[in-house]
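Student: The following block contains the structure, expressed as structure tokens.
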Amino acid sequence: MIGIPFIHLSEINSTNIYAMEQLQAKLAEHGAAFFADLQTSGKGQMGKKWESEAGKNLLLSVILNTSSLNMGDQFVLSAAVALATYDFLSVYINQDLTIKWPNDLYWGDRKAGGILIENQISGGIWTHAIAGIGININQTRFRETTARAVSLRQITGQQYHSVDLAKELCTCMEKRFNQLMHSNGCNEIINDYNKVLYKKGEIVKLKTGNSSARYTIQQVDRHGQLYVSGGIPMQFTHGTVEWVIETKQ
């Protein structure tokens, strides 16, 4: 069961690092969840640092047993975790909530949360994944470098108890993980993911290298390839393209 045990840490370098250490030392297994009030070295996508004020947000890492999944389904797991986070947030946010490829949670054009998944592979088998989730909950001030960030409190005007929310998120993750384990689970997850894909069917600007162009977002496949159209159909791999989000005046 995801969320059992639920370990509450006051301060840690990174919940992902701590969870991986516990797994490798055989002190924790599938379902164990690690919540921190403060991360001193929080990790984000592409080597970026995740900024968070102490005690203000949801910082959670969960150990997942992936031994029954194929190595090629790593993006599907990422999509399942993103959907679980979407399911959780949609209880509190009733509009403008989407998943921005590959796995950020967006409210309008502002980032509410992000996901970082790190894998353990042994003997050619994908044995476990550490799913790290950071969601802005009660923080209301962000650095200029994260000015596009937004918190649940800013969206709703309410304050929340982050530990309780983290436990709710674990319940949502259990449901999506079980869905993933079903015979047609991978296809279902990708279909659900594309239903809430950020900017789907809209024209956006994407930057590759030193050039940028406008494309219409179409869909994402089970391997994490983003399909777009714009003159000729194209597809992108995460890390090869950058979103250029143009704020409406």
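So you can find residues: chains in the structure tokens are A, B, ... in the order shown, residues in each start at 1, and ligands are numbered from 1 in order.
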Write out as a count of residues only all residues of segment 108-146 of chain A that backbone DSSP assigns to strand (DSSP E or B).
Tutor: 24
Student: At a cut-off of 9 Å, using only C-alpha atoms, what residues contact segment 23-35 of chain A? Leave out same-chain residues fewer than 5 positions from it and give the result as a PDB file with N, CA and C atoms, in the first residue's frame.
Tutor:
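Okay, this is what ended up in part36.pdb:
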ATOM      1  N   MET A   1       0.846  -1.201   0.000  1.00  0.00           N
ATOM      2  CA  MET A   1       0.000   0.000   0.000  1.00  0.00           C
ATOM      3  C   MET A   1       0.879   1.248   0.000  1.00  0.00           C
ATOM      4  N   ILE A   2       0.680   2.114  -0.955  1.00  0.00           N
ATOM      5  CA  ILE A   2       1.481   3.327  -1.044  1.00  0.00           C
ATOM      6  C   ILE A   2       1.100   4.285   0.080  1.00  0.00           C
ATOM      7  N   GLY A   3       2.107   4.716   0.809  1.00  0.00           N
ATOM      8  CA  GLY A   3       1.880   5.613   1.942  1.00  0.00           C
ATOM      9  C   GLY A   3       2.020   4.922   3.280  1.00  0.00           C
ATOM     10  N   ILE A   4       2.335   3.620   3.252  1.00  0.00           N
ATOM     11  CA  ILE A   4       2.555   2.862   4.486  1.00  0.00           C
ATOM     12  C   ILE A   4       3.899   2.143   4.378  1.00  0.00           C
ATOM     13  N   PRO A   5       4.847   2.463   5.260  1.00  0.00           N
ATOM     14  CA  PRO A   5       4.768   3.510   6.288  1.00  0.00           C
ATOM     15  C   PRO A   5       4.910   4.914   5.689  1.00  0.00           C
ATOM     16  N   PHE A   6       4.485   5.893   6.465  1.00  0.00           N
ATOM     17  CA  PHE A   6       4.612   7.304   6.096  1.00  0.00           C
ATOM     18  C   PHE A   6       5.611   7.920   7.070  1.00  0.00           C
ATOM     19  N   ILE A   7       6.773   8.283   6.574  1.00  0.00           N
ATOM     20  CA  ILE A   7       7.852   8.801   7.407  1.00  0.00           C
ATOM     21  C   ILE A   7       7.920  10.321   7.271  1.00  0.00           C
ATOM     22  N   HIS A   8       7.752  11.028   8.401  1.00  0.00           N
ATOM     23  CA  HIS A   8       7.783  12.496   8.404  1.00  0.00           C
ATOM     24  C   HIS A   8       9.145  12.961   8.913  1.00  0.00           C
ATOM     25  N   LEU A   9       9.892  13.633   8.030  1.00  0.00           N
ATOM     26  CA  LEU A   9      11.225  14.127   8.360  1.00  0.00           C
ATOM     27  C   LEU A   9      11.181  15.649   8.475  1.00  0.00           C
ATOM     28  N   SER A  10      11.822  16.181   9.498  1.00  0.00           N
ATOM     29  CA  SER A  10      11.803  17.638   9.665  1.00  0.00           C
ATOM     30  C   SER A  10      12.724  18.314   8.652  1.00  0.00           C
ATOM     31  N   THR A  15      14.466  14.186  -0.286  1.00  0.00           N
ATOM     32  CA  THR A  15      13.649  13.006   0.000  1.00  0.00           C
ATOM     33  C   THR A  15      13.947  11.884  -0.985  1.00  0.00           C
ATOM     34  N   ASN A  16      14.284  12.221  -2.226  1.00  0.00           N
ATOM     35  CA  ASN A  16      14.635  11.184  -3.204  1.00  0.00           C
ATOM     36  C   ASN A  16      15.924  10.468  -2.806  1.00  0.00           C
ATOM     37  N   TYR A  18      17.225  10.262   0.202  1.00  0.00           N
ATOM     38  CA  TYR A  18      16.975   9.513   1.432  1.00  0.00           C
ATOM     39  C   TYR A  18      16.213   8.224   1.143  1.00  0.00           C
ATOM     40  N   LEU A  58       4.536  20.656  -0.064  1.00  0.00           N
ATOM     41  CA  LEU A  58       4.473  19.200  -0.060  1.00  0.00           C
ATOM     42  C   LEU A  58       5.711  18.661  -0.755  1.00  0.00           C
ATOM     43  N   LEU A  59       6.571  17.997   0.007  1.00  0.00           N
ATOM     44  CA  LEU A  59       7.809  17.413  -0.509  1.00  0.00           C
ATOM     45  C   LEU A  59       7.784  15.934  -0.163  1.00  0.00           C
ATOM     46  N   LEU A  60       7.584  15.096  -1.153  1.00  0.00           N
ATOM     47  CA  LEU A  60       7.308  13.685  -0.902  1.00  0.00           C
ATOM     48  C   LEU A  60       8.046  12.794  -1.892  1.00  0.00           C
ATOM     49  N   SER A  61       8.597  11.697  -1.390  1.00  0.00           N
ATOM     50  CA  SER A  61       9.165  10.664  -2.256  1.00  0.00           C
ATOM     51  C   SER A  61       8.595   9.314  -1.847  1.00  0.00           C
ATOM     52  N   VAL A  62       8.257   8.520  -2.852  1.00  0.00           N
ATOM     53  CA  VAL A  62       7.633   7.216  -2.620  1.00  0.00           C
ATOM     54  C   VAL A  62       8.420   6.136  -3.357  1.00  0.00           C
ATOM     55  N   ILE A  63       8.616   4.999  -2.701  1.00  0.00           N
ATOM     56  CA  ILE A  63       9.295   3.861  -3.332  1.00  0.00           C
ATOM     57  C   ILE A  63       8.246   3.008  -4.048  1.00  0.00           C
ATOM     58  N   LEU A  64       8.525   2.694  -5.317  1.00  0.00           N
ATOM     59  CA  LEU A  64       7.608   1.888  -6.121  1.00  0.00           C
ATOM     60  C   LEU A  64       8.332   0.663  -6.667  1.00  0.00           C
ATOM     61  N   ASN A  65       7.710  -0.491  -6.514  1.00  0.00           N
ATOM     62  CA  ASN A  65       8.258  -1.728  -7.064  1.00  0.00           C
ATOM     63  C   ASN A  65       7.848  -1.830  -8.523  1.00  0.00           C
ATOM     64  N   THR A  66       8.827  -1.773  -9.423  1.00  0.00           N
ATOM     65  CA  THR A  66       8.539  -1.760 -10.861  1.00  0.00           C
ATOM     66  C   THR A  66       8.974  -3.048 -11.551  1.00  0.00           C
ATOM     67  N   HIS A 128      13.017  -0.962  -9.053  1.00  0.00           N
ATOM     68  CA  HIS A 128      12.290   0.038  -8.275  1.00  0.00           C
ATOM     69  C   HIS A 128      12.425   1.426  -8.901  1.00  0.00           C
ATOM     70  N   VAL A 163       1.056  17.786   5.496  1.00  0.00           N
ATOM     71  CA  VAL A 163       1.184  16.364   5.798  1.00  0.00           C
ATOM     72  C   VAL A 163      -0.097  15.623   5.443  1.00  0.00           C
ATOM     73  N   ALA A 166      -0.294  15.262   1.756  1.00  0.00           N
ATOM     74  CA  ALA A 166       0.633  14.249   1.246  1.00  0.00           C
ATOM     75  C   ALA A 166       0.038  12.852   1.384  1.00  0.00           C
ATOM     76  N   LYS A 167      -0.677  12.607   2.467  1.00  0.00           N
ATOM     77  CA  LYS A 167      -1.312  11.303   2.666  1.00  0.00           C
ATOM     78  C   LYS A 167      -2.455  11.103   1.666  1.00  0.00           C
ATOM     79  N   CYS A 170      -0.882  10.080  -1.549  1.00  0.00           N
ATOM     80  CA  CYS A 170      -0.502   8.663  -1.536  1.00  0.00           C
ATOM     81  C   CYS A 170      -1.681   7.776  -1.938  1.00  0.00           C
ATOM     82  N   GLU A 174      -1.803   5.243  -5.134  1.00  0.00           N
ATOM     83  CA  GLU A 174      -2.166   3.826  -5.042  1.00  0.00           C
ATOM     84  C   GLU A 174      -3.150   3.444  -6.141  1.00  0.00           C
TER      85      GLU A 174
END
Student: With a distance cut-off of 8 Å and only C-alpha atoms, select the neighbouring residues of segment 87-93 of chain A, excluding the residue or stretch itself and same-chain residues fewer than 3 positions from it, and output the selection as a PyMOL selection string.
Tutor: chain A and resi 83-84+96-97+152+155-156+168-169+172
Student: Measuring atom to atom with only C-alpha atoms, identify which of A:Arg148, A:Arg222, A:Lys195, A:Lys200 is nearest to Tyr106 of chain A.
Tutor: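 So, comparing all the options, the nearest one is A:Arg148.
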Student: With distances taken over only C-alpha atoms, which residue among A:Ala149, A:Ala79, A:Leu197, A:Met71 lies nearest Gln219 of chain A?
Tutor: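 Going through A:Ala149, A:Ala79, A:Leu197, A:Met71 one by one, the smallest distance to Gln219 of chain A is for A:Leu197.
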Student: Would you list, as a PyMOL selection string, the residues of segment 1-174 of chain A that end up in alpha helix (DSSP H) under DSSP run on this structure's backbone?
Tutor: chain A and resi 15-24+74-90+152-156+162-174
Student: Restrict the calculation to only C-alpha atoms, then for each residue of segment 109-212 of chain A with any atom at most 10 Å from an atom of segment 224-232 of chain A give the closest atom pair and their distance in Å to one decimal, rows by chain and rising residue number, as a Markdown table.
Tutor:
| residue | atom | partner | partner_atom | distance |
| --- | --- | --- | --- | --- |
| A:Ile190 | CA | A:Gly224 | CA | 9.4 |
| A:Lys200 | CA | A:Val228 | CA | 9.4 |
| A:Gly201 | CA | A:Val228 | CA | 9.1 |
| A:Glu202 | CA | A:Val228 | CA | 9.9 |
| A:Ile203 | CA | A:Gly230 | CA | 8.7 |
| A:Val204 | CA | A:Val228 | CA | 9.7 |
Student: Mind checking which residues fall within 8 Å of Gly114 of chain A, counting only C-alpha atoms, ignoring those fewer than 6 positions away in the same chain, and posting them as a PyMOL selection string?
Tutor: chain A and resi 44+103-105+133-135
Student: Could you give me, as a list of chain:residue names, the residues within 8 Å of Ser151 of chain A, counting only C-alpha atoms and dropping anything in the same chain fewer than 4 positions from it?
Tutor: A:Ala112, A:Ile135, A:Asn136, A:Ile137, A:Asn138, A:Gln139, A:Thr140, A:Ile155
Student: Nearest to Val244 of chain A: which of A:Val220, A:Met173, A:Leu180, A:Ala213 is it, counting only C-alpha atoms?
Tutor: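 Nearest to Val244 of chain A: A:Ala213.
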Student: Which of these, A:Gly72, A:Gly55, A:Gly108, A:Gly123, has the shortest distance to Lys199 of chain A once you count only C-alpha atoms?
Tutor: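 Looking at the shortest contact to Lys199 of chain A, the residue is A:Gly108.
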Student: Give the answer as one residue: which of A:Asn13, A:Tyr198, A:Asn210, A:Pro102 has the shortest atom-to-atom distance to Phe236 of chain A, using only C-alpha atoms?
Tutor: A:Pro102
Student: Distance atom CA of Tyr86 of chain A-atom CA of Pro233 of chain A, one decimal place?
Tutor: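 Between atom CA of Tyr86 of chain A and atom CA of Pro233 of chain A the gap is 28.3 Å.
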Student: Calculated over only C-alpha atoms, which of the candidates A:Trp101, A:Trp107, A:Phe142, A:Trp243 has the smallest distance to Tyr215 of chain A?
Tutor: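 Counting only C-alpha atoms, the residue closest to Tyr215 of chain A is A:Trp243.
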Student: What does the distance from atom CA of Cys186 of chain A to atom CA of Thr240 of chain A come to in Å, to one decimal?
Tutor: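 Answer for the atom CA of Cys186 of chain A to atom CA of Thr240 of chain A separation: 24.4 Å.
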